[in-house]
>>> print(open('final-v9.pdb').read())   # PDB, C-alpha atoms
ATOM      1  CA  MET U   1      71.978   3.901  -8.614
ATOM      2  CA  ALA U   2      68.414   4.654  -7.558
ATOM      3  CA  PHE U   3      65.994   1.756  -7.181
ATOM      4  CA  PRO U   4      62.212   1.927  -7.351
ATOM      5  CA  SER U   5      60.668   2.274  -3.935
ATOM      6  CA  ARG U   6      58.331  -0.346  -2.509
ATOM      7  CA  THR U   7      55.536   2.241  -2.611
ATOM      8  CA  ALA U   8      56.074   2.798  -6.331
ATOM      9  CA  GLU U   9      55.926  -0.953  -6.965
ATOM     10  CA  ILE U  10      52.644  -1.201  -5.056
ATOM     11  CA  GLU U  11      51.187   1.708  -7.026
ATOM     12  CA  VAL U  12      52.171   0.056 -10.332
ATOM     13  CA  ASN U  13      50.601  -3.227  -9.229
ATOM     14  CA  VAL U  14      47.393  -1.456  -8.245
ATOM     15  CA  VAL U  15      47.226   0.302 -11.626
ATOM     16  CA  ASP U  16      47.888  -2.976 -13.461
ATOM     17  CA  LYS U  17      45.138  -4.746 -11.533
ATOM     18  CA  LYS U  18      42.751  -1.851 -12.160
ATOM     19  CA  ASN U  19      43.475  -1.915 -15.911
ATOM     20  CA  ALA U  20      43.074  -5.690 -16.017
ATOM     21  CA  GLY U  21      39.763  -5.427 -14.187
ATOM     22  CA  SER U  22      38.574  -2.699 -16.554
ATOM     23  CA  LEU U  23      39.536  -4.801 -19.588
ATOM     24  CA  SER U  24      37.725  -7.793 -18.120
ATOM     25  CA  GLY U  25      34.645  -5.639 -17.611
ATOM     26  CA  TRP U  26      34.665  -4.460 -21.214
ATOM     27  CA  LEU U  27      35.199  -7.981 -22.598
ATOM     28  CA  ASN U  28      32.343  -9.381 -20.531
ATOM     29  CA  GLY U  29      30.155  -6.442 -21.515
ATOM     30  CA  LEU U  30      30.968  -6.971 -25.186
ATOM     31  CA  ILE U  31      29.983 -10.640 -25.007
ATOM     32  CA  GLY U  32      26.713  -9.622 -23.362
ATOM     33  CA  VAL U  33      25.968  -7.075 -26.094
ATOM     34  CA  VAL U  34      26.663  -9.620 -28.845
ATOM     35  CA  ILE U  35      24.197 -12.017 -27.208
ATOM     36  CA  PHE U  36      21.579  -9.300 -26.738
ATOM     37  CA  SER U  37      21.912  -8.208 -30.372
ATOM     38  CA  GLY U  38      19.727 -11.102 -31.435
ATOM     39  CA  SER U  39      17.015 -10.460 -28.846
ATOM     40  CA  LEU U  40      14.740  -8.039 -30.687
ATOM     41  CA  PRO U  41      14.871  -9.869 -34.048
ATOM     42  CA  ALA U  42      14.088 -13.140 -32.237
ATOM     43  CA  THR U  43      11.247 -11.473 -30.338
ATOM     44  CA  ARG U  44       9.890 -10.096 -33.613
ATOM     45  CA  VAL U  45       9.830 -13.631 -35.037
ATOM     46  CA  ALA U  46       8.180 -15.051 -31.911
ATOM     47  CA  VAL U  47       5.340 -12.506 -31.613
ATOM     48  CA  GLN U  48       4.174 -13.325 -35.120
ATOM     49  CA  GLU U  49       2.752 -16.572 -33.736
ATOM     50  CA  ILE U  50       2.866 -16.251 -29.931
ATOM     51  CA  ASP U  51       0.890 -13.787 -27.815
ATOM     52  CA  PRO U  52       3.213 -11.155 -26.243
ATOM     53  CA  LEU U  53       1.923 -11.858 -22.735
ATOM     54  CA  PHE U  54       2.505 -15.601 -22.999
ATOM     55  CA  LEU U  55       5.909 -15.008 -24.622
ATOM     56  CA  THR U  56       6.993 -12.760 -21.740
ATOM     57  CA  PHE U  57       5.797 -15.190 -19.068
ATOM     58  CA  ILE U  58       7.073 -18.409 -20.640
ATOM     59  CA  ARG U  59      10.552 -17.055 -21.470
ATOM     60  CA  ALA U  60      10.957 -15.906 -17.878
ATOM     61  CA  SER U  61       9.632 -19.240 -16.596
ATOM     62  CA  ILE U  62      12.115 -21.225 -18.683
ATOM     63  CA  ALA U  63      14.998 -18.991 -17.622
ATOM     64  CA  GLY U  64      13.776 -19.138 -14.002
ATOM     65  CA  MET U  65      13.852 -22.936 -13.966
ATOM     66  CA  LEU U  66      17.413 -22.871 -15.318
ATOM     67  CA  ALA U  67      18.318 -20.297 -12.672
ATOM     68  CA  LEU U  68      16.903 -22.593  -9.980
ATOM     69  CA  ILE U  69      19.146 -25.404 -11.205
ATOM     70  CA  LEU U  70      22.196 -23.114 -11.074
ATOM     71  CA  VAL U  71      21.455 -21.826  -7.578
ATOM     72  CA  LEU U  72      20.862 -25.336  -6.206
ATOM     73  CA  SER U  73      23.911 -26.773  -7.986
ATOM     74  CA  PHE U  74      26.250 -24.169  -6.502
ATOM     75  CA  ARG U  75      24.395 -24.116  -3.152
ATOM     76  CA  GLU U  76      24.112 -20.343  -3.166
ATOM     77  CA  GLN U  77      22.948 -18.633  -0.003
ATOM     78  CA  CYS U  78      19.756 -16.624  -0.138
ATOM     79  CA  PRO U  79      20.144 -12.851  -0.645
ATOM     80  CA  LYS U  80      20.097 -10.598   2.388
ATOM     81  CA  ARG U  81      16.863  -8.836   3.275
ATOM     82  CA  SER U  82      18.468  -5.510   2.324
ATOM     83  CA  GLN U  83      19.091  -6.828  -1.210
ATOM     84  CA  ILE U  84      15.536  -7.963  -1.921
ATOM     85  CA  GLY U  85      14.355  -4.486  -2.936
ATOM     86  CA  SER U  86      17.088  -4.166  -5.551
ATOM     87  CA  LEU U  87      16.319  -7.642  -6.891
ATOM     88  CA  VAL U  88      12.656  -6.686  -7.269
ATOM     89  CA  ILE U  89      13.691  -3.611  -9.276
ATOM     90  CA  VAL U  90      15.878  -5.806 -11.508
ATOM     91  CA  ALA U  91      13.012  -8.265 -11.984
ATOM     92  CA  LEU U  92      10.518  -5.518 -12.838
ATOM     93  CA  GLY U  93      12.976  -3.912 -15.247
ATOM     94  CA  VAL U  94      14.602  -6.737 -17.216
ATOM     95  CA  VAL U  95      12.585  -9.871 -16.425
ATOM     96  CA  ILE U  96       9.097  -8.409 -16.870
ATOM     97  CA  GLY U  97       9.171  -4.799 -18.076
ATOM     98  CA  PHE U  98      11.540  -4.785 -21.040
ATOM     99  CA  PRO U  99      10.495  -8.165 -22.508
ATOM    100  CA  LEU U 100       6.775  -7.394 -22.204
ATOM    101  CA  LEU U 101       6.949  -3.835 -23.520
ATOM    102  CA  THR U 102       9.167  -4.768 -26.474
ATOM    103  CA  ALA U 103       7.018  -7.787 -27.340
ATOM    104  CA  MET U 104       3.932  -5.563 -27.394
ATOM    105  CA  ALA U 105       5.741  -2.880 -29.404
ATOM    106  CA  LEU U 106       7.060  -5.369 -31.957
ATOM    107  CA  GLN U 107       3.519  -6.277 -32.905
ATOM    108  CA  SER U 108       3.204  -2.877 -34.572
ATOM    109  CA  VAL U 109       6.819  -1.970 -35.446
ATOM    110  CA  THR U 110       9.656  -3.867 -37.084
ATOM    111  CA  SER U 111      12.841  -4.919 -35.333
ATOM    112  CA  ALA U 112      14.696  -2.408 -37.544
ATOM    113  CA  HIS U 113      12.516   0.379 -36.145
ATOM    114  CA  SER U 114      13.611  -0.536 -32.617
ATOM    115  CA  ILE U 115      17.163   0.510 -33.498
ATOM    116  CA  VAL U 116      16.024   4.093 -32.918
ATOM    117  CA  PHE U 117      15.392   3.305 -29.274
ATOM    118  CA  LEU U 118      18.370   1.008 -28.717
ATOM    119  CA  GLY U 119      20.461   4.061 -29.499
ATOM    120  CA  LEU U 120      19.044   5.670 -26.352
ATOM    121  CA  LEU U 121      19.644   2.686 -24.067
ATOM    122  CA  PRO U 122      23.323   3.463 -23.250
ATOM    123  CA  LEU U 123      22.375   6.989 -22.249
ATOM    124  CA  ALA U 124      19.518   5.713 -20.069
ATOM    125  CA  THR U 125      21.858   3.190 -18.424
ATOM    126  CA  ALA U 126      24.442   5.895 -17.745
ATOM    127  CA  ILE U 127      21.839   8.207 -16.190
ATOM    128  CA  PHE U 128      20.600   5.478 -13.866
ATOM    129  CA  GLY U 129      24.224   4.576 -13.148
ATOM    130  CA  VAL U 130      24.607   8.084 -11.725
ATOM    131  CA  ILE U 131      21.293   7.986  -9.861
ATOM    132  CA  ARG U 132      21.420   4.429  -8.495
ATOM    133  CA  GLY U 133      25.094   3.464  -8.796
ATOM    134  CA  GLY U 134      26.651   6.664  -7.497
ATOM    135  CA  GLU U 135      28.947   7.022 -10.509
ATOM    136  CA  ARG U 136      30.228  10.446 -11.582
ATOM    137  CA  PRO U 137      31.541  10.405 -15.174
ATOM    138  CA  GLN U 138      33.426  13.429 -16.475
ATOM    139  CA  PHE U 139      31.644  16.022 -18.606
ATOM    140  CA  ALA U 140      33.402  14.778 -21.768
ATOM    141  CA  PHE U 141      31.827  11.360 -21.209
ATOM    142  CA  TRP U 142      28.338  12.798 -21.653
ATOM    143  CA  ILE U 143      29.418  14.526 -24.881
ATOM    144  CA  PHE U 144      30.638  11.243 -26.379
ATOM    145  CA  SER U 145      27.581   9.400 -25.072
ATOM    146  CA  ILE U 146      25.117  11.875 -26.606
ATOM    147  CA  ILE U 147      26.996  11.981 -29.926
ATOM    148  CA  GLY U 148      27.024   8.179 -30.087
ATOM    149  CA  SER U 149      23.306   8.019 -29.352
ATOM    150  CA  LEU U 150      22.550  10.622 -32.015
ATOM    151  CA  LEU U 151      24.636   8.698 -34.568
ATOM    152  CA  VAL U 152      22.633   5.520 -33.972
ATOM    153  CA  VAL U 153      19.274   7.307 -33.965
ATOM    154  CA  GLY U 154      20.214   9.314 -37.055
ATOM    155  CA  PHE U 155      21.274   6.172 -38.890
ATOM    156  CA  ALA U 156      17.998   4.465 -37.973
ATOM    157  CA  PHE U 157      15.920   7.364 -39.306
ATOM    158  CA  SER U 158      18.015   7.419 -42.492
ATOM    159  CA  GLN U 159      16.768   3.899 -43.192
ATOM    160  CA  ASN U 160      13.215   5.232 -43.695
ATOM    161  CA  VAL U 161      11.746   3.518 -40.660
ATOM    162  CA  SER U 162       8.015   3.980 -40.257
ATOM    163  CA  ILE U 163       6.549   5.703 -37.223
ATOM    164  CA  SER U 164       4.002   4.063 -34.932
ATOM    165  CA  GLN U 165       2.859   6.166 -31.992
ATOM    166  CA  THR U 166       1.826   3.191 -29.860
ATOM    167  CA  GLY U 167       4.928   1.176 -30.719
ATOM    168  CA  ASP U 168       7.193   4.165 -30.108
ATOM    169  CA  LEU U 169       5.720   4.893 -26.672
ATOM    170  CA  LEU U 170       6.052   1.233 -25.681
ATOM    171  CA  MET U 171       9.671   1.114 -26.852
ATOM    172  CA  LEU U 172      10.488   4.348 -25.017
ATOM    173  CA  ALA U 173       9.035   2.920 -21.804
ATOM    174  CA  ALA U 174      10.996  -0.295 -22.404
ATOM    175  CA  ILE U 175      14.266   1.654 -22.672
ATOM    176  CA  VAL U 176      13.600   3.485 -19.398
ATOM    177  CA  VAL U 177      12.825   0.354 -17.360
ATOM    178  CA  CYS U 178      15.682  -1.547 -18.993
ATOM    179  CA  GLY U 179      18.206   1.183 -18.173
ATOM    180  CA  LEU U 180      17.036   1.110 -14.560
ATOM    181  CA  GLY U 181      17.252  -2.690 -14.439
ATOM    182  CA  TYR U 182      20.759  -2.671 -15.896
ATOM    183  CA  ALA U 183      22.062  -0.077 -13.455
ATOM    184  CA  GLU U 184      20.395  -1.637 -10.401
ATOM    185  CA  GLY U 185      21.619  -5.104 -11.320
ATOM    186  CA  ALA U 186      25.157  -3.886 -11.907
ATOM    187  CA  LYS U 187      25.234  -2.151  -8.529
ATOM    188  CA  LEU U 188      24.015  -5.319  -6.815
ATOM    189  CA  SER U 189      26.480  -7.482  -8.773
ATOM    190  CA  ARG U 190      29.288  -5.920  -6.771
ATOM    191  CA  GLU U 191      27.848  -7.657  -3.717
ATOM    192  CA  LEU U 192      26.248 -10.836  -5.080
ATOM    193  CA  GLY U 193      28.040 -11.487  -8.354
ATOM    194  CA  GLY U 194      26.727 -11.131 -11.904
ATOM    195  CA  TRP U 195      25.099 -14.517 -12.471
ATOM    196  CA  GLN U 196      23.663 -14.593  -8.973
ATOM    197  CA  VAL U 197      21.814 -11.298  -9.516
ATOM    198  CA  ILE U 198      19.961 -12.389 -12.631
ATOM    199  CA  CYS U 199      19.285 -15.840 -11.154
ATOM    200  CA  TRP U 200      17.728 -14.455  -7.969
ATOM    201  CA  ALA U 201      15.736 -11.873  -9.946
ATOM    202  CA  LEU U 202      14.363 -14.702 -12.081
ATOM    203  CA  LEU U 203      13.596 -16.825  -9.005
ATOM    204  CA  ILE U 204      11.724 -13.975  -7.332
ATOM    205  CA  SER U 205       9.599 -13.707 -10.470
ATOM    206  CA  LEU U 206       9.236 -17.454 -11.070
ATOM    207  CA  PRO U 207       6.065 -18.236  -9.042
ATOM    208  CA  PHE U 208       4.154 -15.396 -10.699
ATOM    209  CA  MET U 209       5.552 -16.262 -14.133
ATOM    210  CA  LEU U 210       4.562 -19.927 -13.875
ATOM    211  CA  VAL U 211       0.986 -19.049 -12.917
ATOM    212  CA  ALA U 212       0.802 -16.364 -15.609
ATOM    213  CA  SER U 213       2.181 -18.787 -18.227
ATOM    214  CA  PHE U 214      -0.503 -21.308 -17.362
ATOM    215  CA  THR U 215      -3.323 -18.755 -17.514
ATOM    216  CA  THR U 216      -2.178 -17.376 -20.884
ATOM    217  CA  LEU U 217      -1.321 -20.752 -22.409
ATOM    218  CA  PRO U 218      -2.447 -20.911 -26.072
ATOM    219  CA  VAL U 219      -5.276 -23.282 -26.897
ATOM    220  CA  THR U 220      -3.088 -25.041 -29.430
ATOM    221  CA  SER U 221       0.658 -24.965 -30.103
ATOM    222  CA  GLY U 222       0.689 -27.417 -33.010
ATOM    223  CA  SER U 223       0.642 -24.656 -35.622
ATOM    224  CA  ILE U 224       3.684 -22.828 -34.221
ATOM    225  CA  SER U 225       6.579 -23.018 -36.683
ATOM    226  CA  PRO U 226      10.075 -24.367 -35.856
ATOM    227  CA  GLU U 227      11.493 -20.865 -36.414
ATOM    228  CA  CYS U 228       9.191 -19.517 -33.721
ATOM    229  CA  TRP U 229      10.212 -22.236 -31.266
ATOM    230  CA  PHE U 230      13.868 -21.453 -31.972
ATOM    231  CA  ALA U 231      13.231 -17.748 -31.336
ATOM    232  CA  LEU U 232      11.505 -18.591 -28.055
ATOM    233  CA  GLY U 233      14.460 -20.752 -27.037
ATOM    234  CA  TYR U 234      16.905 -17.968 -27.847
ATOM    235  CA  VAL U 235      15.145 -15.238 -25.864
ATOM    236  CA  SER U 236      14.602 -17.640 -22.943
ATOM    237  CA  VAL U 237      18.106 -19.067 -22.577
ATOM    238  CA  PHE U 238      20.416 -16.460 -24.084
ATOM    239  CA  SER U 239      18.577 -13.132 -23.840
ATOM    240  CA  MET U 240      17.072 -13.775 -20.405
ATOM    241  CA  LEU U 241      19.911 -15.628 -18.654
ATOM    242  CA  ILE U 242      23.284 -16.200 -20.324
ATOM    243  CA  GLY U 243      23.582 -12.690 -21.731
ATOM    244  CA  PHE U 244      22.962 -11.154 -18.315
ATOM    245  CA  ILE U 245      25.664 -13.279 -16.692
ATOM    246  CA  PHE U 246      28.276 -11.559 -18.865
ATOM    247  CA  TRP U 247      26.528  -8.180 -18.955
ATOM    248  CA  TYR U 248      26.150  -7.642 -15.218
ATOM    249  CA  LYS U 249      29.714  -8.783 -14.574
ATOM    250  CA  GLY U 250      30.931  -6.338 -17.197
ATOM    251  CA  LEU U 251      28.949  -3.429 -15.748
ATOM    252  CA  ALA U 252      30.018  -4.216 -12.179
ATOM    253  CA  VAL U 253      33.735  -4.514 -12.991
ATOM    254  CA  GLY U 254      34.135  -1.928 -15.741
ATOM    255  CA  GLY U 255      31.598   0.664 -14.563
ATOM    256  CA  ILE U 256      27.911   1.078 -15.361
ATOM    257  CA  ALA U 257      28.217   4.286 -17.362
ATOM    258  CA  ALA U 258      31.368   3.264 -19.243
ATOM    259  CA  VAL U 259      30.601  -0.335 -20.220
ATOM    260  CA  GLY U 260      26.985   0.618 -20.868
ATOM    261  CA  GLN U 261      28.174   2.566 -23.930
ATOM    262  CA  LEU U 262      28.928  -0.752 -25.635
ATOM    263  CA  GLN U 263      25.187  -0.976 -26.251
ATOM    264  CA  LEU U 264      25.693   1.583 -29.011
ATOM    265  CA  LEU U 265      27.196  -1.270 -31.029
ATOM    266  CA  GLN U 266      24.226  -3.598 -30.514
ATOM    267  CA  PRO U 267      22.221  -2.501 -33.583
ATOM    268  CA  PHE U 268      25.249  -2.939 -35.802
ATOM    269  CA  PHE U 269      25.979  -6.414 -34.439
ATOM    270  CA  GLY U 270      22.392  -7.256 -35.338
ATOM    271  CA  LEU U 271      22.860  -5.897 -38.853
ATOM    272  CA  ALA U 272      26.132  -7.826 -39.175
ATOM    273  CA  LEU U 273      24.326 -11.013 -38.196
ATOM    274  CA  ALA U 274      21.657 -10.271 -40.780
ATOM    275  CA  ALA U 275      24.328  -9.757 -43.444
ATOM    276  CA  THR U 276      26.075 -13.008 -42.499
ATOM    277  CA  LEU U 277      23.069 -15.257 -41.968
ATOM    278  CA  LEU U 278      20.499 -13.654 -44.274
ATOM    279  CA  HIS U 279      22.952 -12.270 -46.860
ATOM    280  CA  GLU U 280      21.571  -8.766 -46.524
ATOM    281  CA  LYS U 281      23.585  -5.882 -47.962
ATOM    282  CA  VAL U 282      25.830  -3.805 -45.682
ATOM    283  CA  SER U 283      25.969  -0.214 -46.930
ATOM    284  CA  VAL U 284      28.949   2.140 -46.857
ATOM    285  CA  LEU U 285      26.950   4.472 -44.583
ATOM    286  CA  MET U 286      26.529   1.619 -42.104
ATOM    287  CA  VAL U 287      30.280   1.107 -41.981
ATOM    288  CA  ILE U 288      30.973   4.824 -41.544
ATOM    289  CA  VAL U 289      28.415   5.206 -38.749
ATOM    290  CA  THR U 290      29.735   2.081 -37.034
ATOM    291  CA  LEU U 291      33.257   3.518 -37.036
ATOM    292  CA  GLY U 292      31.907   6.762 -35.585
ATOM    293  CA  VAL U 293      30.076   4.855 -32.846
ATOM    294  CA  ILE U 294      33.232   2.888 -32.011
ATOM    295  CA  ALA U 295      35.117   6.189 -31.691
ATOM    296  CA  CYS U 296      32.436   7.459 -29.285
ATOM    297  CA  VAL U 297      32.655   4.264 -27.224
ATOM    298  CA  VAL U 298      36.449   4.621 -26.984
ATOM    299  CA  GLY U 299      36.117   8.289 -26.051
ATOM    300  CA  SER U 300      33.446   7.666 -23.415
ATOM    301  CA  ARG U 301      35.588   4.910 -21.892
ATOM    302  CA  LYS U 302      38.466   7.354 -21.449
ATOM    303  CA  PHE U 303      36.356   9.899 -19.561
ATOM    304  CA  ALA U 304      34.024   7.532 -17.695
ATOM    305  CA  ARG U 305      35.734   8.068 -14.340
TER     306      ARG U 305
END
>>> encode(input="final-v9.pdb", output="structure tokens")
Amino acid sequence: MAFPSRTAEIEVNVVDKKNAGSLSGWLNGLIGVVIFSGSLPATRVAVQEIDPLFLTFIRASIAGMLALILVLSFREQCPKRSQIGSLVIVALGVVIGFPLLTAMALQSVTSAHSIVFLGLLPLATAIFGVIRGGERPQFAFWIFSIIGSLLVVGFAFSQNVSISQTGDLLMLAAIVVCGLGYAEGAKLSRELGGWQVICWALLISLPFMLVASFTTLPVTSGSISPECWFALGYVSVFSMLIGFIFWYKGLAVGGIAAVGQLQLLQPFFGLALAATLLHEKVSVLMVIVTLGVIACVVGSRKFAR
């Protein structure tokens, strides 16, 4: 009777560990996407009563103070000098760039309109994953990625969204800097860890953000509604910190290009939340497009490496 060789057992164990790691990456990425799905609607609520500049600075300041508590509590060592450049890129992309650009854009466009651009975010993340992360997805991956992006963009345009040239340009710029920040942070997470990357990026930005928050402080805050304060709390704690803890871990473990495709589901999570919390109608087309997007995510995962 032939018995499995020791080499075969090792190979099976390696494959099992790789599959487990990939599944962990996708689960963490999915949690991050669910958290991020409320970011743009919350930002839209906040900018109705809070200046976009102050909103960007104060949300980063709040998240930065929480990050400081985490770093001190776990007695984390300071990043290496060679990692500072990457942390600055992360900070410019996801701490300053994306929040500021989207807040400015959402003054002239609705959160529903931003779905058009969220459909391009997975593709932008994948491209920067190749440029900055050194990943090389198979050709079929790009086919699924482009089809998924077109499905989301096509669905958004089918909802009769209005066009604003200024808002569109700001959202396009936001997608570019966000994709770069995602890919750079994921690459660095392999060395520092997911929560450490976002915490150090926030801490690098914190001195500037505190000063900027003070200089842009509104004359009065008494007229700000409870809904606006809740929105500010959400984008500060969840969108700026907690979501990134899961997201960067997911990208680092499961692959930037592959896990990044989960962002295709973000608009539909947002619509699902609206249907659940606001009792808005979910159309048959929405369900069909969502199923198509899920198929593209599954297909891109298969050919990501």
>>> atom_distance(input="final-v9.pdb", atom1="atom CA of Leu169 of chain U", atom2="atom CA of Ala42 of chain U")
20.6 Å
>>> resolve_selection(input="final-v9.pdb", expression="the PyMOL selection byres ((chain U and resi 244-250) around 8)", output="ChimeraX atom specification")
/U:24-33,182,185-186,189,193-195,198,239-243,251-255,259
>>> closest_residue(input="final-v9.pdb", among="U:Val34, U:Ala257, U:Ala91, U:Met209", to="Gly134 of chain U", atoms="only C-alpha atoms")
U:Ala257
>>> atom_distance(input="final-v9.pdb", atom1="atom CA of Ala67 of chain U", atom2="atom CA of Met104 of chain U")
25.3 Å
>>> resolve_selection(input="final-v9.pdb", expression="the PyMOL selection byres ((chain U and resi 203) around 12)", output="PyMOL selection string")
chain U and resi 60-72+78-79+84+87-88+90-91+95+196-202+204-210+241
>>> residues_around(input="final-v9.pdb", residues="segment 43-53 of chain U", least_positions_apart="5", cutoff="12 Å", atoms="all atoms listed in the file", output="PyMOL selection string")
chain U and resi 36-38+58-60+96-114+209+212-236+239-240
>>> resolve_selection(input="final-v9.pdb", expression="the PyMOL selection byres ((chain U and resi 184) around 8)", output="PDB file with C-alpha atoms, in the coordinates of the input")
ATOM      1  CA  SER U  86      17.088  -4.166  -5.551  1.00  0.00           C
ATOM      2  CA  ILE U  89      13.691  -3.611  -9.276  1.00  0.00           C
ATOM      3  CA  VAL U  90      15.878  -5.806 -11.508  1.00  0.00           C
ATOM      4  CA  PHE U 128      20.600   5.478 -13.866  1.00  0.00           C
ATOM      5  CA  GLY U 129      24.224   4.576 -13.148  1.00  0.00           C
ATOM      6  CA  ARG U 132      21.420   4.429  -8.495  1.00  0.00           C
ATOM      7  CA  GLY U 133      25.094   3.464  -8.796  1.00  0.00           C
ATOM      8  CA  LEU U 180      17.036   1.110 -14.560  1.00  0.00           C
ATOM      9  CA  GLY U 181      17.252  -2.690 -14.439  1.00  0.00           C
ATOM     10  CA  TYR U 182      20.759  -2.671 -15.896  1.00  0.00           C
ATOM     11  CA  ALA U 183      22.062  -0.077 -13.455  1.00  0.00           C
ATOM     12  CA  GLY U 185      21.619  -5.104 -11.320  1.00  0.00           C
ATOM     13  CA  ALA U 186      25.157  -3.886 -11.907  1.00  0.00           C
ATOM     14  CA  LYS U 187      25.234  -2.151  -8.529  1.00  0.00           C
ATOM     15  CA  LEU U 188      24.015  -5.319  -6.815  1.00  0.00           C
TER      16      LEU U 188
END
>>> closest_residue(input="final-v9.pdb", among="U:Val94, U:Ala174, U:Ile35, U:Ile294", to="Gly148 of chain U", atoms="all atoms listed in the file")
U:Ile294
>>> atom_distance(input="final-v9.pdb", atom1="atom CA of Ala140 of chain U", atom2="atom CA of Ile127 of chain U")
14.4 Å
